[in-house]
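Structure data follow from my_file_23.csv (CSV, C-alpha atoms):
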chain,number,residue,atom,x,y,z
A,1,MET,CA,-34.0,143.3,61.0
A,2,ARG,CA,-32.3,140.6,63.1
A,3,ARG,CA,-33.4,142.4,66.2
A,4,LEU,CA,-36.9,142.6,65.0
A,5,ILE,CA,-37.0,138.9,64.0
A,6,ALA,CA,-35.6,138.0,67.4
A,7,LYS,CA,-38.3,140.1,69.2
A,8,TYR,CA,-41.1,138.7,67.0
A,9,PRO,CA,-40.1,135.2,66.0
A,10,PHE,CA,-41.9,133.4,63.2
A,11,SER,CA,-44.3,130.8,64.5
A,12,TRP,CA,-47.7,129.4,63.8
A,13,ALA,CA,-49.0,130.8,67.0
A,14,ARG,CA,-48.0,134.4,66.0
A,15,ILE,CA,-49.6,134.0,62.6
A,16,VAL,CA,-52.8,132.7,64.2
A,17,SER,CA,-52.8,135.6,66.7
A,18,ASP,CA,-52.3,138.1,64.0
A,19,LEU,CA,-54.8,136.7,61.5
A,20,LEU,CA,-57.5,136.1,64.1
A,21,SER,CA,-57.0,139.1,66.2
A,22,PRO,CA,-60.2,140.8,67.4
A,23,PRO,CA,-60.2,143.6,64.8
A,24,MET,CA,-59.7,141.1,62.0
A,25,VAL,CA,-62.5,138.8,63.3
A,26,TRP,CA,-64.9,141.7,63.7
A,27,ALA,CA,-64.1,143.0,60.2
A,28,VAL,CA,-64.5,139.6,58.5
A,29,LEU,CA,-67.8,139.0,60.3
A,30,ALA,CA,-69.3,142.4,59.4
A,31,LEU,CA,-69.9,141.9,55.7
A,32,PRO,CA,-71.8,138.6,55.7
A,33,ILE,CA,-74.0,139.9,58.5
A,34,ALA,CA,-74.6,143.2,56.6
A,35,LEU,CA,-75.5,141.2,53.4
A,36,ARG,CA,-78.0,139.0,55.3
A,37,ASP,CA,-80.7,141.7,55.6
A,38,ALA,CA,-79.5,144.6,53.4
A,39,ASP,CA,-81.7,145.6,50.5
A,40,SER,CA,-78.7,145.8,48.2
A,41,THR,CA,-75.0,144.9,48.1
A,42,GLY,CA,-74.2,148.6,48.0
A,43,GLU,CA,-76.0,149.1,51.3
A,44,ALA,CA,-74.2,146.1,52.9
A,45,VAL,CA,-70.9,147.5,51.8
A,46,LEU,CA,-71.7,150.9,53.3
A,47,TRP,CA,-72.7,149.4,56.7
A,48,THR,CA,-69.6,147.3,56.6
A,49,LEU,CA,-67.3,150.3,55.9
A,50,VAL,CA,-68.8,152.3,58.7
A,51,TYR,CA,-68.4,149.5,61.1
A,52,VAL,CA,-64.9,148.5,60.1
A,53,ALA,CA,-63.6,152.1,60.0
A,54,LEU,CA,-64.9,153.0,63.4
A,55,VAL,CA,-64.6,149.7,65.3
A,56,CYS,CA,-61.4,148.3,63.7
A,57,LEU,CA,-59.3,150.8,61.9
A,58,LEU,CA,-59.5,153.8,64.2
A,59,PRO,CA,-58.6,151.9,67.4
A,60,LEU,CA,-55.8,150.0,65.5
A,61,GLY,CA,-54.4,153.3,64.3
A,62,TYR,CA,-54.4,154.6,67.9
A,63,ILE,CA,-52.6,151.5,69.1
A,64,GLY,CA,-50.1,151.7,66.3
A,65,TYR,CA,-49.4,155.3,67.3
A,66,MET,CA,-49.0,154.4,70.9
A,67,VAL,CA,-46.5,151.6,69.9
A,68,HIS,CA,-44.6,154.1,67.8
A,69,ARG,CA,-44.4,156.5,70.8
A,70,GLY,CA,-43.2,153.7,73.0
A,71,ARG,CA,-46.2,153.8,75.3
A,72,ILE,CA,-47.2,150.3,74.4
A,73,THR,CA,-44.9,147.3,73.9
A,74,ASP,CA,-46.6,145.8,70.9
A,75,MET,CA,-49.9,145.7,68.9
A,76,HIS,CA,-51.2,142.8,71.1
A,77,MET,CA,-50.7,144.9,74.3
A,78,GLN,CA,-49.0,142.2,76.4
A,79,VAL,CA,-48.9,144.4,79.5
A,80,ARG,CA,-52.4,144.6,81.2
A,81,GLN,CA,-52.1,148.2,82.3
A,82,GLN,CA,-51.2,149.3,78.7
A,83,ARG,CA,-54.6,148.0,77.5
A,84,LEU,CA,-56.7,150.4,79.4
A,85,ARG,CA,-56.4,153.5,77.3
A,86,PRO,CA,-56.8,151.8,74.0
A,87,LEU,CA,-59.8,150.0,75.4
A,88,ALA,CA,-61.3,153.4,76.3
A,89,VAL,CA,-60.7,154.6,72.8
A,90,SER,CA,-62.3,151.4,71.4
A,91,VAL,CA,-65.4,151.8,73.6
A,92,VAL,CA,-65.9,155.4,72.4
A,93,CYS,CA,-65.3,154.5,68.7
A,94,THR,CA,-67.6,151.5,68.9
A,95,GLY,CA,-70.3,153.5,70.6
A,96,ILE,CA,-70.1,156.0,67.8
A,97,ALA,CA,-70.3,153.2,65.3
A,98,TRP,CA,-73.4,151.8,66.9
A,99,GLY,CA,-75.0,155.3,67.0
A,100,VAL,CA,-74.1,156.0,63.4
A,101,LEU,CA,-75.6,152.7,62.2
A,102,ARG,CA,-78.8,153.4,64.0
A,103,LEU,CA,-79.0,156.9,62.6
A,104,LEU,CA,-78.4,155.7,59.1
A,105,GLY,CA,-81.1,153.1,59.4
A,106,ALA,CA,-78.9,150.0,59.1
A,107,PRO,CA,-80.8,146.7,59.4
A,108,ALA,CA,-81.5,145.6,63.0
A,109,ILE,CA,-79.0,142.7,62.7
A,110,VAL,CA,-76.2,145.1,61.8
A,111,GLN,CA,-77.1,147.3,64.7
A,112,HIS,CA,-77.0,144.2,66.9
A,113,LEU,CA,-73.4,143.5,65.7
A,114,GLY,CA,-72.4,147.0,66.8
A,115,LEU,CA,-74.0,146.5,70.2
A,116,ILE,CA,-72.4,143.1,70.6
A,117,THR,CA,-69.0,144.5,69.9
A,118,LEU,CA,-69.6,147.5,72.2
A,119,VAL,CA,-70.6,145.2,75.0
A,120,GLN,CA,-67.6,142.9,74.4
A,121,ILE,CA,-65.2,145.8,74.5
A,122,ALA,CA,-66.8,147.4,77.5
A,123,LEU,CA,-66.7,144.1,79.5
A,124,MET,CA,-63.1,143.5,78.4
A,125,ALA,CA,-62.2,147.0,79.7
A,126,LEU,CA,-63.9,146.4,83.1
A,127,ILE,CA,-62.3,143.0,83.5
A,128,THR,CA,-58.9,144.3,82.5
A,129,TYR,CA,-58.8,146.7,85.4
A,130,VAL,CA,-58.3,143.7,87.7
A,131,TRP,CA,-57.4,140.7,85.4
A,132,GLN,CA,-56.0,140.1,81.9
A,133,ILE,CA,-58.7,138.2,80.0
A,134,SER,CA,-57.9,137.0,76.5
A,135,PHE,CA,-59.3,139.4,74.0
A,136,HIS,CA,-58.6,136.9,71.2
A,137,THR,CA,-60.8,134.2,72.6
A,138,VAL,CA,-63.6,136.7,73.5
A,139,SER,CA,-63.8,137.8,69.8
A,140,ILE,CA,-63.5,134.4,68.1
A,141,SER,CA,-65.9,132.7,70.5
A,142,GLY,CA,-68.4,135.6,70.0
A,143,ALA,CA,-68.1,135.3,66.2
A,144,THR,CA,-68.7,131.5,66.4
A,145,VAL,CA,-71.9,131.9,68.5
A,146,ALA,CA,-73.1,134.8,66.3
A,147,ALA,CA,-72.5,132.7,63.1
A,148,GLY,CA,-74.5,129.9,64.6
A,149,ALA,CA,-77.4,132.2,65.7
A,150,LEU,CA,-77.6,134.0,62.3
A,151,PHE,CA,-76.6,131.4,59.7
A,152,GLY,CA,-77.2,128.0,61.3
A,153,LEU,CA,-75.4,125.2,63.0
A,154,LEU,CA,-73.0,124.3,60.1
A,155,PRO,CA,-71.2,127.7,60.1
A,156,ALA,CA,-70.9,127.5,63.8
A,157,LEU,CA,-69.4,124.0,63.6
A,158,LEU,CA,-67.0,125.1,60.9
A,159,THR,CA,-65.7,128.0,63.0
A,160,LEU,CA,-65.7,126.2,66.3
A,161,PRO,CA,-62.1,124.7,65.8
A,162,LEU,CA,-60.9,128.3,65.4
A,163,VAL,CA,-61.8,128.9,69.1
A,164,VAL,CA,-59.5,126.1,70.1
A,165,LEU,CA,-56.8,127.1,67.7
A,166,VAL,CA,-56.8,130.7,68.9
A,167,GLY,CA,-56.7,129.6,72.5
A,168,ALA,CA,-53.8,127.3,71.8
A,169,ALA,CA,-51.9,130.1,70.1
A,170,ARG,CA,-52.3,132.5,73.0
A,171,LEU,CA,-51.1,129.8,75.4
A,172,LYS,CA,-48.2,128.9,73.1
A,173,LEU,CA,-47.1,132.6,73.1
A,174,LYS,CA,-47.5,132.6,76.9
A,175,ARG,CA,-49.7,135.7,76.6
A,176,HIS,CA,-52.4,134.2,78.8
A,177,THR,CA,-53.1,131.5,81.4
A,178,PRO,CA,-55.5,128.7,80.6
A,179,ALA,CA,-58.1,130.4,82.9
A,180,GLN,CA,-57.8,133.6,81.0
A,181,VAL,CA,-58.3,131.8,77.7
A,182,VAL,CA,-61.3,129.8,78.9
A,183,ALA,CA,-62.8,132.9,80.5
A,184,GLY,CA,-62.5,134.8,77.3
A,185,ALA,CA,-64.2,132.1,75.3
A,186,LEU,CA,-67.1,131.9,77.8
A,187,VAL,CA,-67.6,135.7,78.0
A,188,GLY,CA,-67.4,136.0,74.3
A,189,GLY,CA,-69.9,133.3,73.6
A,190,LEU,CA,-72.4,134.5,76.1
A,191,ILE,CA,-72.6,138.1,74.9
A,192,PRO,CA,-74.2,137.4,71.4
A,193,LEU,CA,-76.7,135.0,73.1
A,194,VAL,CA,-77.8,137.7,75.6
A,195,VAL,CA,-78.1,140.4,72.9
A,196,PHE,CA,-80.0,138.2,70.4
A,197,PHE,CA,-82.3,136.8,73.2
A,198,THR,CA,-83.0,140.2,74.6
A,199,PHE,CA,-84.0,141.8,71.3
A,200,THR,CA,-86.0,138.7,70.2
A,201,LEU,CA,-88.2,139.1,73.3
A,202,MET,CA,-88.6,142.9,72.7

Spell out the structure here as structure tokens.
Amino acid sequence: MRRLIAKYPFSWARIVSDLLSPPMVWAVLALPIALRDADSTGEAVLWTLVYVALVCLLPLGYIGYMVHRGRITDMHMQVRQQRLRPLAVSVVCTGIAWGVLRLLGAPAIVQHLGLITLVQIALMALITYVWQISFHTVSISGATVAAGALFGLLPALLTLPLVVLVGAARLKLKRHTPAQVVAGALVGGLIPLVVFFTFTLM
């Protein structure tokens, strides 16, 4: 136990990183988006479960397995090269989720969530081949912009401080440079805008 505590010391930055990790952010965002246009609460729960199971739980299970096997140092994948295979698994799982949501006739906005997540992960995978961008700031920034686009300015303003908090946490843990944190926030915020703008014009 002492060795585990020494390796993963208790700190506000670690708590923030764990609670606002990309799978957690995506999972929390899924239900209110599904409820927005669903015909019933039951339908919204169904779309959310499909999304969370494929986008969040399956990739997390794979990462946990790789950590257990000693192939990855920790759940946050500190080493850039260790991120590539889990990212490939996440791209496949998220692509399946997007396809399943389309086949099941989920509301367009839920399908857009799947597409946004897919684009986020695919871009993170491409960037990770050459550089270690912050996944945490990509996801929380994307969630903030999506909240503003779908629910108005107030939700976006309420979640905006979380972008700063997550960025500060990643810097405190020395997992990223300031450039990697800022780049993550910019990339994450741009993707929902592009997806929503594209489908609004179609």

Residues near A:Gln120, cut-off 8 Å, all atoms listed in the file, skip fewer than 2 positions along chain, as number ranges by chain
A: 116-118, 122-124, 138-139, 188, 191

Set the distance at 12 Å and use all atoms listed in the file: which residues neighbour stretch 133-136 of chain A once local chain neighbours fewer than 5 positions away are removed? I'd like the list as JSON, numbers by chain.
{"A": [16, 17, 18, 19, 20, 21, 22, 23, 24, 25, 26, 76, 77, 78, 79, 80, 83, 87, 117, 120, 121, 122, 123, 124, 125, 126, 127, 128, 141, 142, 143, 162, 163, 164, 165, 166, 167, 168, 169, 170, 171, 174, 175, 176, 177, 178, 179, 180, 181, 182, 183, 184, 185, 186, 187, 188]}

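For the choices A:Gln82, A:Ser90, A:Thr159, A:Thr48, the atom-to-atom distance to A:Val110 is smallest for A:Thr48 when using only C-alpha atoms.
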
Just give me the gap between atom CA of A:Leu150 and atom CA of A:Pro59 in Å, one decimal is fine.
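Between atom CA of A:Leu150 and atom CA of A:Pro59 the gap works out to 26.6 Å.
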
I'd like to know which of A:Trp12, A:Trp98, A:Tyr65, A:Tyr129 is closest to A:Ala53, using only C-alpha atoms.
A:Trp98

Please provide the set of residues having any atom within 12 Å of A:Met66, restricted to all atoms listed in the file, with same-chain residues fewer than 4 positions apart removed, written as a VMD selection string.
chain A and resid 59 to 62 70 to 77 82 to 83 85 to 86 89

Do you have the atom CA of A:Ala13-atom CA of A:Ile33 distance handy?
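Interatomic distance here is 27.9 Å.
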
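In this model, the gap between atom CA of A:Val130 and atom CA of A:His68 comes to 26.3 Å.
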